>>> print(open('query.txt').read())   # compact mmCIF, C-alpha atoms and all ligand atoms
# COMPACT_ATOMS: atom_id res chain seq x y z
CA MET A 1 5.28 18.95 -227.01
CA SER A 2 5.54 21.35 -224.13
CA VAL A 3 5.81 25.11 -224.09
CA TYR A 4 7.89 26.29 -221.13
CA LEU A 5 6.55 29.63 -219.95
CA ASP A 6 7.90 29.67 -216.40
CA ASN A 7 11.13 31.57 -216.89
CA ALA A 8 10.26 33.96 -214.05
CA ALA A 9 10.61 30.97 -211.70
CA THR A 10 13.76 29.72 -213.38
CA SER A 11 15.00 30.08 -216.94
CA PHE A 12 15.00 27.02 -219.16
CA PRO A 13 16.73 25.90 -221.25
CA LYS A 14 20.13 27.39 -220.45
CA PRO A 15 22.85 28.26 -222.96
CA PRO A 16 24.66 24.94 -223.66
CA ALA A 17 27.96 26.40 -222.40
CA VAL A 18 26.53 26.49 -218.85
CA ALA A 19 26.19 22.72 -218.42
CA GLN A 20 29.47 22.20 -220.31
CA ALA A 21 31.33 24.42 -217.86
CA MET A 22 29.76 22.66 -214.87
CA LEU A 23 30.69 19.28 -216.31
CA ARG A 24 34.24 20.47 -216.90
CA TYR A 25 34.49 21.49 -213.26
CA MET A 26 33.08 18.18 -212.03
CA THR A 27 35.13 15.93 -214.31
CA GLU A 28 38.37 17.82 -214.98
CA VAL A 29 38.99 20.50 -212.35
CA GLY A 30 37.56 19.31 -209.05
CA ALA A 31 39.63 21.50 -206.72
CA SER A 32 38.38 23.92 -204.05
CA VAL A 33 38.93 27.66 -204.24
CA ASN A 34 41.33 29.88 -202.23
CA ARG A 35 42.67 26.74 -200.56
CA GLY A 36 45.46 25.34 -202.73
CA ALA A 37 48.31 26.46 -204.97
CA TYR A 38 48.24 23.69 -207.60
CA ALA A 39 47.06 24.39 -211.15
CA SER A 40 43.48 23.20 -210.80
CA ALA A 41 43.04 25.21 -207.59
CA LEU A 42 44.25 28.27 -209.47
CA ASP A 43 41.71 27.49 -212.21
CA THR A 44 38.86 27.76 -209.66
CA GLY A 45 40.25 31.00 -208.24
CA MET A 46 40.55 32.48 -211.72
CA THR A 47 37.03 31.37 -212.68
CA ALA A 48 35.57 32.95 -209.54
CA LEU A 49 37.46 36.18 -210.29
CA LEU A 50 36.31 36.22 -213.92
CA LEU A 51 32.74 35.69 -212.73
CA ARG A 52 32.98 38.64 -210.32
CA GLU A 53 34.46 40.78 -213.09
CA GLY A 54 31.72 39.77 -215.52
CA LEU A 55 28.98 40.57 -212.99
CA CYS A 56 30.57 43.94 -212.25
CA ARG A 57 30.71 44.75 -215.97
CA LEU A 58 27.09 43.74 -216.37
CA PHE A 59 25.83 45.76 -213.40
CA ARG A 60 28.31 48.65 -213.70
CA HIS A 61 30.20 48.25 -210.47
CA SER A 62 33.88 49.08 -210.52
CA ASP A 63 35.22 46.76 -207.80
CA PRO A 64 34.99 42.95 -208.24
CA THR A 65 36.12 42.41 -204.62
CA HIS A 66 32.72 43.84 -203.60
CA CYS A 67 30.82 41.27 -205.64
CA ILE A 68 29.95 38.56 -203.10
CA LEU A 69 29.00 35.15 -204.48
CA THR A 70 25.97 33.93 -202.54
CA GLY A 71 23.92 30.78 -202.25
CA GLY A 72 21.17 32.50 -204.25
CA ASN A 73 19.04 35.61 -204.23
CA THR A 74 17.13 34.77 -201.04
CA MET A 75 20.45 34.27 -199.28
CA GLY A 76 21.80 37.58 -200.62
CA LEU A 77 18.72 39.49 -199.48
CA ASN A 78 18.89 37.90 -196.02
CA MET A 79 22.59 38.75 -195.75
CA ALA A 80 21.88 42.40 -196.53
CA LEU A 81 18.70 42.78 -194.44
CA ARG A 82 19.79 40.85 -191.36
CA GLY A 83 23.35 42.11 -191.50
CA TRP A 84 22.29 45.75 -191.73
CA LEU A 85 19.07 46.41 -189.79
CA ARG A 86 19.17 46.71 -186.00
CA PRO A 87 16.47 47.18 -183.33
CA GLY A 88 15.25 50.77 -183.44
CA ASP A 89 15.86 51.10 -187.19
CA HIS A 90 13.13 51.86 -189.68
CA CYS A 91 13.05 50.38 -193.17
CA LEU A 92 10.97 51.29 -196.21
CA THR A 93 9.81 48.83 -198.81
CA SER A 94 7.06 48.63 -201.44
CA GLY A 95 3.67 46.98 -201.60
CA MET A 96 4.91 44.61 -204.31
CA GLU A 97 7.54 42.57 -202.51
CA HIS A 98 8.38 38.89 -202.65
CA ASN A 99 8.53 36.93 -199.40
CA ALA A 100 12.32 36.80 -199.80
CA VAL A 101 12.13 40.41 -198.57
CA MET A 102 8.93 40.33 -196.51
CA ARG A 103 9.71 37.31 -194.36
CA PRO A 104 13.10 38.59 -193.18
CA LEU A 105 11.46 41.98 -192.54
CA ARG A 106 8.72 40.29 -190.49
CA ASP A 107 11.38 38.42 -188.49
CA LEU A 108 13.29 41.63 -187.94
CA ALA A 109 10.09 43.42 -186.89
CA GLU A 110 9.86 40.97 -184.00
CA GLN A 111 13.32 42.16 -182.95
CA GLY A 112 12.32 45.82 -182.96
CA VAL A 113 12.90 46.90 -186.56
CA ALA A 114 9.97 48.93 -187.91
CA PHE A 115 9.02 48.94 -191.56
CA ASP A 116 6.51 50.68 -193.81
CA ARG A 117 5.37 49.86 -197.31
CA VAL A 118 5.04 52.50 -199.99
CA SER A 119 1.77 51.74 -201.73
CA CYS A 120 1.76 50.99 -205.42
CA ASP A 121 -0.88 51.68 -208.06
CA ALA A 122 -3.11 49.04 -209.67
CA GLU A 123 -0.28 48.17 -212.08
CA GLY A 124 2.15 47.67 -209.21
CA ARG A 125 4.29 50.80 -209.53
CA LEU A 126 5.12 53.25 -206.80
CA ASP A 127 5.43 57.01 -206.96
CA PRO A 128 8.91 57.91 -205.65
CA LEU A 129 7.39 60.99 -203.99
CA ASP A 130 5.31 58.71 -201.76
CA LEU A 131 8.55 57.18 -200.59
CA LEU A 132 9.82 60.62 -199.67
CA ARG A 133 6.76 61.19 -197.47
CA LEU A 134 7.38 58.02 -195.44
CA ILE A 135 11.04 58.64 -194.63
CA ARG A 136 11.66 59.02 -190.88
CA PRO A 137 14.77 60.26 -189.05
CA ASN A 138 15.61 56.60 -188.21
CA THR A 139 15.02 55.21 -191.74
CA ARG A 140 18.16 53.18 -192.28
CA LEU A 141 17.33 51.26 -195.43
CA VAL A 142 15.08 51.20 -198.49
CA VAL A 143 14.60 47.79 -200.07
CA MET A 144 12.52 46.90 -203.10
CA ALA A 145 12.23 44.69 -206.13
CA HIS A 146 13.27 46.22 -209.43
CA ALA A 147 10.40 44.41 -211.17
CA SER A 148 7.47 42.44 -209.85
CA ASN A 149 7.47 38.67 -210.22
CA VAL A 150 3.66 38.86 -210.34
CA GLY A 151 2.68 41.72 -212.65
CA GLY A 152 5.93 42.56 -214.40
CA GLY A 153 5.83 46.29 -213.56
CA VAL A 154 9.27 47.89 -213.26
CA GLN A 155 9.93 50.52 -210.58
CA ASP A 156 11.64 53.82 -211.33
CA ILE A 157 14.84 52.90 -209.51
CA PRO A 158 16.93 55.83 -210.81
CA ALA A 159 14.37 58.20 -209.18
CA VAL A 160 14.22 56.13 -205.97
CA GLY A 161 18.03 56.02 -205.91
CA LYS A 162 18.25 59.79 -206.23
CA ILE A 163 15.94 60.31 -203.25
CA CYS A 164 17.88 57.78 -201.18
CA ARG A 165 21.21 59.33 -202.10
CA GLU A 166 20.04 62.84 -201.20
CA ARG A 167 18.86 61.60 -197.80
CA GLY A 168 21.89 59.38 -197.17
CA ILE A 169 19.71 56.25 -196.95
CA PRO A 170 21.12 53.03 -198.46
CA LEU A 171 19.08 51.36 -201.21
CA LEU A 172 19.02 47.56 -201.51
CA LEU A 173 17.69 46.35 -204.85
CA ASP A 174 16.18 42.91 -205.43
CA ALA A 175 16.82 42.37 -209.14
CA ALA A 176 15.44 38.82 -209.29
CA GLN A 177 13.25 39.65 -212.26
CA THR A 178 15.54 41.96 -214.22
CA ALA A 179 19.16 40.80 -213.83
CA GLY A 180 20.47 39.75 -217.22
CA HIS A 181 17.81 41.30 -219.46
CA TRP A 182 17.38 44.82 -218.07
CA GLU A 183 19.88 47.58 -217.65
CA ILE A 184 21.08 47.89 -214.06
CA ASP A 185 23.53 50.66 -213.23
CA PHE A 186 24.82 50.07 -209.69
CA GLU A 187 26.98 53.17 -209.47
CA GLY A 188 24.88 55.43 -211.70
CA TRP A 189 21.74 54.74 -209.67
CA GLY A 190 23.57 55.09 -206.36
CA LEU A 191 22.75 51.60 -205.11
CA SER A 192 24.23 50.39 -201.83
CA ALA A 193 23.45 46.73 -202.41
CA LEU A 194 22.15 44.67 -205.32
CA SER A 195 21.05 41.06 -204.97
CA VAL A 196 20.62 38.83 -208.02
CA PRO A 197 19.87 35.14 -208.57
CA GLY A 198 22.00 33.14 -210.99
CA HIS A 199 19.22 30.95 -212.32
CA LYS A 200 16.65 33.35 -213.76
CA GLY A 201 17.51 36.01 -216.35
CA LEU A 202 21.24 35.37 -215.99
CA MET A 203 20.52 31.86 -217.33
CA GLY A 204 22.91 30.12 -214.95
CA PRO A 205 22.33 27.29 -212.47
CA SER A 206 20.30 27.52 -209.27
CA GLY A 207 21.90 27.67 -205.83
CA ILE A 208 24.15 30.60 -206.70
CA GLY A 209 23.67 34.34 -206.88
CA ALA A 210 25.53 37.53 -206.16
CA LEU A 211 25.32 40.42 -203.73
CA LEU A 212 27.12 43.52 -204.95
CA LEU A 213 27.93 46.10 -202.29
CA SER A 214 29.11 49.70 -202.21
CA PRO A 215 32.30 50.17 -200.16
CA GLU A 216 30.37 52.21 -197.55
CA PHE A 217 27.66 49.57 -197.12
CA ALA A 218 30.20 46.73 -197.04
CA GLY A 219 32.20 48.56 -194.38
CA THR A 220 29.29 48.51 -191.91
CA LEU A 221 27.40 45.37 -192.96
CA VAL A 222 27.82 42.53 -190.47
CA PRO A 223 28.32 39.04 -191.94
CA ILE A 224 25.50 36.73 -190.82
CA VAL A 225 27.64 33.67 -191.55
CA THR A 226 31.27 33.38 -190.49
CA GLY A 227 33.78 30.56 -190.83
CA GLY A 228 36.68 29.35 -192.92
CA THR A 229 37.67 31.49 -195.87
CA GLY A 230 41.04 30.01 -196.82
CA SER A 231 42.57 33.37 -195.85
CA ALA A 232 44.02 34.74 -192.56
CA SER A 233 43.97 31.19 -191.21
CA ASP A 234 46.16 32.14 -188.25
CA SER A 235 43.19 33.98 -186.75
CA GLU A 236 39.91 32.81 -185.24
CA ARG A 237 38.37 36.16 -186.14
CA GLN A 238 36.55 36.68 -189.42
CA PRO A 239 38.83 38.45 -191.94
CA THR A 240 37.79 41.99 -192.84
CA CYS A 241 39.11 41.86 -196.41
CA MET A 242 36.63 41.65 -199.29
CA PRO A 243 35.04 39.46 -200.47
CA ASP A 244 36.24 36.97 -197.80
CA ARG A 245 34.40 38.80 -195.02
CA PHE A 246 31.12 37.64 -196.55
CA GLU A 247 32.14 34.33 -198.16
CA SER A 248 32.67 31.64 -195.54
CA GLY A 249 32.77 27.94 -196.32
CA THR A 250 33.46 26.07 -199.53
CA PRO A 251 31.27 27.67 -202.19
CA ASN A 252 29.10 26.18 -204.92
CA LEU A 253 31.92 25.56 -207.39
CA PRO A 254 29.92 23.86 -210.15
CA GLY A 255 27.61 26.86 -209.80
CA ILE A 256 30.50 29.32 -210.13
CA TYR A 257 31.64 27.62 -213.35
CA GLY A 258 28.10 27.50 -214.72
CA LEU A 259 27.29 31.07 -213.83
CA ARG A 260 30.53 32.33 -215.29
CA ALA A 261 29.63 30.73 -218.63
CA ALA A 262 26.11 32.17 -218.36
CA VAL A 263 27.35 35.69 -217.64
CA ASP A 264 29.77 35.44 -220.58
CA PHE A 265 26.78 34.48 -222.75
CA ILE A 266 24.80 37.50 -221.49
CA LEU A 267 27.71 39.87 -222.10
CA GLU A 268 28.33 38.48 -225.59
CA THR A 269 24.64 38.60 -226.53
CA GLY A 270 24.09 42.01 -224.95
CA VAL A 271 21.43 43.08 -222.44
CA GLU A 272 19.81 45.31 -225.05
CA THR A 273 19.33 42.37 -227.44
CA LEU A 274 17.92 40.19 -224.66
CA ARG A 275 15.56 42.95 -223.59
CA ARG A 276 14.35 43.55 -227.16
CA ARG A 277 13.54 39.86 -227.56
CA GLU A 278 11.62 39.87 -224.28
CA GLU A 279 9.70 42.92 -225.47
CA GLU A 280 8.80 41.30 -228.80
CA LEU A 281 7.46 38.17 -227.12
CA THR A 282 5.59 40.16 -224.47
CA SER A 283 4.08 42.46 -227.07
CA GLN A 284 2.91 39.48 -229.12
CA PHE A 285 1.37 37.73 -226.12
CA LEU A 286 -0.37 40.86 -224.83
CA ALA A 287 -1.76 41.58 -228.31
CA GLU A 288 -3.11 38.03 -228.53
CA LEU A 289 -4.71 38.31 -225.08
CA ARG A 290 -6.52 41.57 -225.85
CA GLY A 291 -10.22 41.01 -226.22
CA VAL A 292 -10.19 37.49 -224.74
CA PRO A 293 -13.32 37.39 -222.57
CA ASP A 294 -13.30 36.27 -218.95
CA ILE A 295 -9.67 37.00 -218.24
CA ARG A 296 -8.12 39.88 -216.37
CA LEU A 297 -4.51 40.93 -216.67
CA ALA A 298 -2.83 41.62 -213.33
CA GLY A 299 -0.21 44.16 -214.37
CA PRO A 300 0.31 46.64 -217.19
CA TRP A 301 -1.03 46.12 -220.72
CA THR A 302 1.58 48.49 -222.11
CA LEU A 303 5.20 47.61 -222.78
CA GLU A 304 6.72 50.63 -221.12
CA ASN A 305 8.52 49.72 -217.90
CA ARG A 306 7.31 46.16 -217.81
CA THR A 307 9.09 42.84 -218.07
CA GLY A 308 7.86 39.66 -219.75
CA VAL A 309 5.96 38.43 -216.68
CA ILE A 310 2.30 38.18 -217.71
CA SER A 311 -0.19 37.27 -214.99
CA VAL A 312 -3.73 36.28 -215.92
CA ASP A 313 -6.76 35.86 -213.67
CA PHE A 314 -9.26 33.50 -215.29
CA SER A 315 -12.34 35.24 -213.95
CA GLY A 316 -14.89 32.46 -214.28
CA GLN A 317 -12.86 29.58 -212.93
CA ASP A 318 -10.29 28.43 -210.48
CA ASN A 319 -6.86 29.58 -211.67
CA ALA A 320 -5.23 26.34 -210.52
CA GLU A 321 -7.67 24.42 -212.65
CA ALA A 322 -6.99 26.68 -215.61
CA ALA A 323 -3.24 26.12 -215.21
CA PHE A 324 -3.84 22.38 -214.96
CA ARG A 325 -5.86 22.42 -218.19
CA LEU A 326 -3.20 24.51 -219.93
CA GLU A 327 -0.67 21.86 -219.08
CA GLN A 328 -2.79 18.75 -219.61
CA ASP A 329 -4.54 19.78 -222.81
CA TYR A 330 -1.99 22.08 -224.45
CA GLY A 331 1.41 21.36 -222.83
CA VAL A 332 1.71 24.98 -221.69
CA LEU A 333 3.78 25.15 -218.49
CA THR A 334 2.96 28.10 -216.23
CA ARG A 335 3.00 28.87 -212.53
CA CYS A 336 -0.27 29.52 -210.76
CA GLY A 337 -1.06 30.76 -207.27
CA LEU A 338 0.44 33.59 -205.26
CA HIS A 339 4.06 33.32 -206.46
CA CYS A 340 5.48 33.80 -202.93
CA ALA A 341 4.26 37.38 -203.08
CA PRO A 342 0.92 37.79 -201.27
CA ALA A 343 1.49 41.53 -200.85
CA ALA A 344 1.87 41.99 -204.61
CA HIS A 345 -1.36 40.10 -205.25
CA LYS A 346 -3.14 42.30 -202.69
CA THR A 347 -1.90 45.39 -204.52
CA LEU A 348 -2.96 44.02 -207.91
CA GLY A 349 -6.36 42.85 -206.60
CA THR A 350 -5.72 39.14 -207.16
CA PHE A 351 -5.56 37.98 -203.54
CA PRO A 352 -6.39 35.28 -202.53
CA GLN A 353 -7.27 33.68 -205.87
CA GLY A 354 -3.82 34.37 -207.38
CA THR A 355 -3.10 34.26 -211.09
CA VAL A 356 -1.72 32.02 -213.81
CA ARG A 357 1.67 33.46 -214.68
CA PHE A 358 3.19 33.17 -218.16
CA SER A 359 6.84 34.11 -218.48
CA PRO A 360 8.67 33.66 -221.78
CA GLY A 361 12.45 33.55 -221.92
CA TRP A 362 15.31 33.95 -224.39
CA TYR A 363 14.61 30.60 -226.05
CA THR A 364 10.82 31.04 -226.36
CA THR A 365 9.62 31.25 -229.97
CA ALA A 366 6.83 33.30 -231.56
CA GLU A 367 5.10 30.01 -232.46
CA GLU A 368 5.10 28.99 -228.80
CA ILE A 369 3.58 32.32 -227.79
CA ALA A 370 0.86 31.91 -230.45
CA ALA A 371 0.14 28.37 -229.21
CA ALA A 372 -0.04 29.54 -225.58
CA ALA A 373 -2.39 32.40 -226.50
CA ALA A 374 -4.68 30.01 -228.40
CA ALA A 375 -4.69 27.74 -225.35
CA VAL A 376 -5.65 30.69 -223.11
CA ARG A 377 -8.50 31.65 -225.45
CA GLU A 378 -9.89 28.13 -225.42
CA THR A 379 -9.42 27.67 -221.68
CA ALA A 380 -11.06 31.02 -220.93
CA GLY A 381 -14.04 30.07 -223.07
CA LEU A 382 -14.62 26.76 -221.31
CA VAL A 383 -16.91 28.12 -218.62
CA PRO A 384 -19.06 31.22 -218.39
CA GLY A 385 -17.41 34.20 -216.73
CA ARG A 386 -18.28 35.58 -213.30
CA SER A 387 -20.28 38.31 -214.98
CA GLY A 388 -21.91 36.16 -217.61
N1 LIG B 1 12.52 38.30 -205.28
C1 LIG B 1 11.77 38.18 -206.39
C2 LIG B 1 11.12 39.40 -206.98
C3 LIG B 1 11.64 36.92 -207.01
O1 LIG B 1 10.92 36.81 -208.12
C4 LIG B 1 12.29 35.80 -206.44
C5 LIG B 1 12.13 34.42 -207.06
N2 LIG B 1 10.84 34.09 -207.41
C6 LIG B 1 13.06 35.98 -205.29
C7 LIG B 1 13.14 37.23 -204.73
C8 LIG B 1 13.79 34.83 -204.64
O2 LIG B 1 14.78 34.36 -205.48
P1 LIG B 1 15.40 32.87 -205.29
O3 LIG B 1 14.22 31.96 -205.11
O4 LIG B 1 16.14 32.65 -206.56
O5 LIG B 1 16.25 32.91 -204.09
>>> encode(input="query.txt", output="structure tokens", more="lines below")
Ligand code: PMP
Amino acid sequence: MSVYLDNAATSFPKPPAVAQAMLRYMTEVGASVNRGAYASALDTGMTALLLREGLCRLFRHSDPTHCILTGGNTMGLNMALRGWLRPGDHCLTSGMEHNAVMRPLRDLAEQGVAFDRVSCDAEGRLDPLDLLRLIRPNTRLVVMAHASNVGGGVQDIPAVGKICRERGIPLLLDAAQTAGHWEIDFEGWGLSALSVPGHKGLMGPSGIGALLLSPEFAGTLVPIVTGGTGSASDSERQPTCMPDRFESGTPNLPGIYGLRAAVDFILETGVETLRRREEELTSQFLAELRGVPDIRLAGPWTLENRTGVISVDFSGQDNAEAAFRLEQDYGVLTRCGLHCAPAAHKTLGTFPQGTVRFSPGWYTTAEEIAAAAAAVRETAGLVPGRSG
């Protein structure tokens, strides 16, 4: 028996309709999109449109043409960062970011883009007023993760959005750890760009994501990839119409079918229901971890503004060894190390040793959480702690 607690990396299992839709595409549809007028080609076009509409409903964006289908969240973030920032610009981010944001920013820094990080507290949350203090006349973008993939802390994005809106600075949100199970209000929060992966909380396949853009941001953003779009084929110039401007090349069609089925599942189930389930499982796990000696939680103990990502530092032992034991002896599947987010571990005080990360998902049961907690207790007790 295995207990899959690595949903923050990728959700598993998926709703059965996801694989069914992908199989239908591969075995019955088969056609490309925007490139033919026969029935199956229209089926792909319609599915892509329904996916955009579903994502817009989910994230409260009113224009499906501004929902770009990407090759994943990392791709979406790169498209927004590299297509927007220019030498001489200044960008603000947080001290909790994933390398999907930090590595492009480091590359851009070599080309003359400056950036600063707003520091976060020991639970990984920033004070929006600190952001205000770091704004410069040339600050051209604020980018941050909605929730940390290390500690689970959720940032106050409505407050950050308000500050950005008042200053006329676009806000790019990385919703890798919240899309699908947390409320995201693109227009209400005044976002300029929102990047999401298909394969985590949205419960779709990997290799597909979405980048939603405001009309103002889309109007200035430069596409970092250009090529065939199936539209305006008389011209060698990239079309300006949306979403074609940002969608060159034949897309991930099995992914589009799978993600459409996944988004339908999310909309039918309801974000509130998904969130409540995540909260129940998180609450149970945190309660079971309380009082366990020789472990330290990296992230908040309380449920308020936190997701179901629970990171544990096994104080007396190597975390990789603890994760190995959890798998070998108890079948508990976790992810250990630095989770592609060294900055977040520095903020939470778990660099360089990292943590063992437990992340339940929609299909995790209370029995599995109890079994994982028992495994943590036994693993923690195997060796004396650093203090003892
Ligand atoms: N940002 C955060 C906060 C993440 O957790 C992840 C995935 N671990 C990413 C970005 C990158 O997403 P993907 O690997 O799906 O492109």
>>> closest_atom_pairs(input="query.txt", of="stretch 59-130 of chain A", to="stretch 289-299 of chain A", cutoff="12 Å", atoms="only C-alpha atoms", output="CSV")
residue,atom,partner,partner_atom,distance
A:Met96,CA,A:Gly299,CA,11.3
A:Cys120,CA,A:Gly299,CA,11.4
A:Asp121,CA,A:Gly299,CA,9.8
A:Ala122,CA,A:Gly299,CA,7.4
A:Glu123,CA,A:Gly299,CA,4.6
A:Gly124,CA,A:Gly299,CA,6.7
A:Arg125,CA,A:Gly299,CA,9.4
>>> atom_distance(input="query.txt", atom1="atom CA of A:Ala17", atom2="atom CA of A:Ser283")
29.2 Å
>>> residues_near_ligand(input="query.txt", ligand="ligand LIG 1 (chain B)", cutoff="10 Å", atoms="all atoms listed in the file", output="VMD selection string")
chain A and resid 7 to 10 70 to 78 96 to 102 144 to 150 152 173 to 178 195 to 200 206 to 209 339 to 341 344
>>> closest_residue(input="query.txt", among="A:Thr139, A:Thr355, A:Thr334, A:Ser62", to="A:Thr93", atoms="all atoms listed in the file")
A:Thr139
>>> closest_residue(input="query.txt", among="A:Leu129, A:Val356, A:Ala375, A:Val225", to="A:Gly249", atoms="all atoms listed in the file")
A:Val225
>>> closest_residue(input="query.txt", among="A:Glu268, A:Ile68, A:Val222, A:Gly204", to="A:Arg82", atoms="all atoms listed in the file")
A:Val222
>>> closest_residue(input="query.txt", among="A:Gln155, A:Thr47, A:Asn138, A:Thr226", to="A:Gly95", atoms="all atoms listed in the file")
A:Gln155
>>> atom_distance(input="query.txt", atom1="atom CA of A:Tyr257", atom2="atom CA of A:Ser32")
12.1 Å
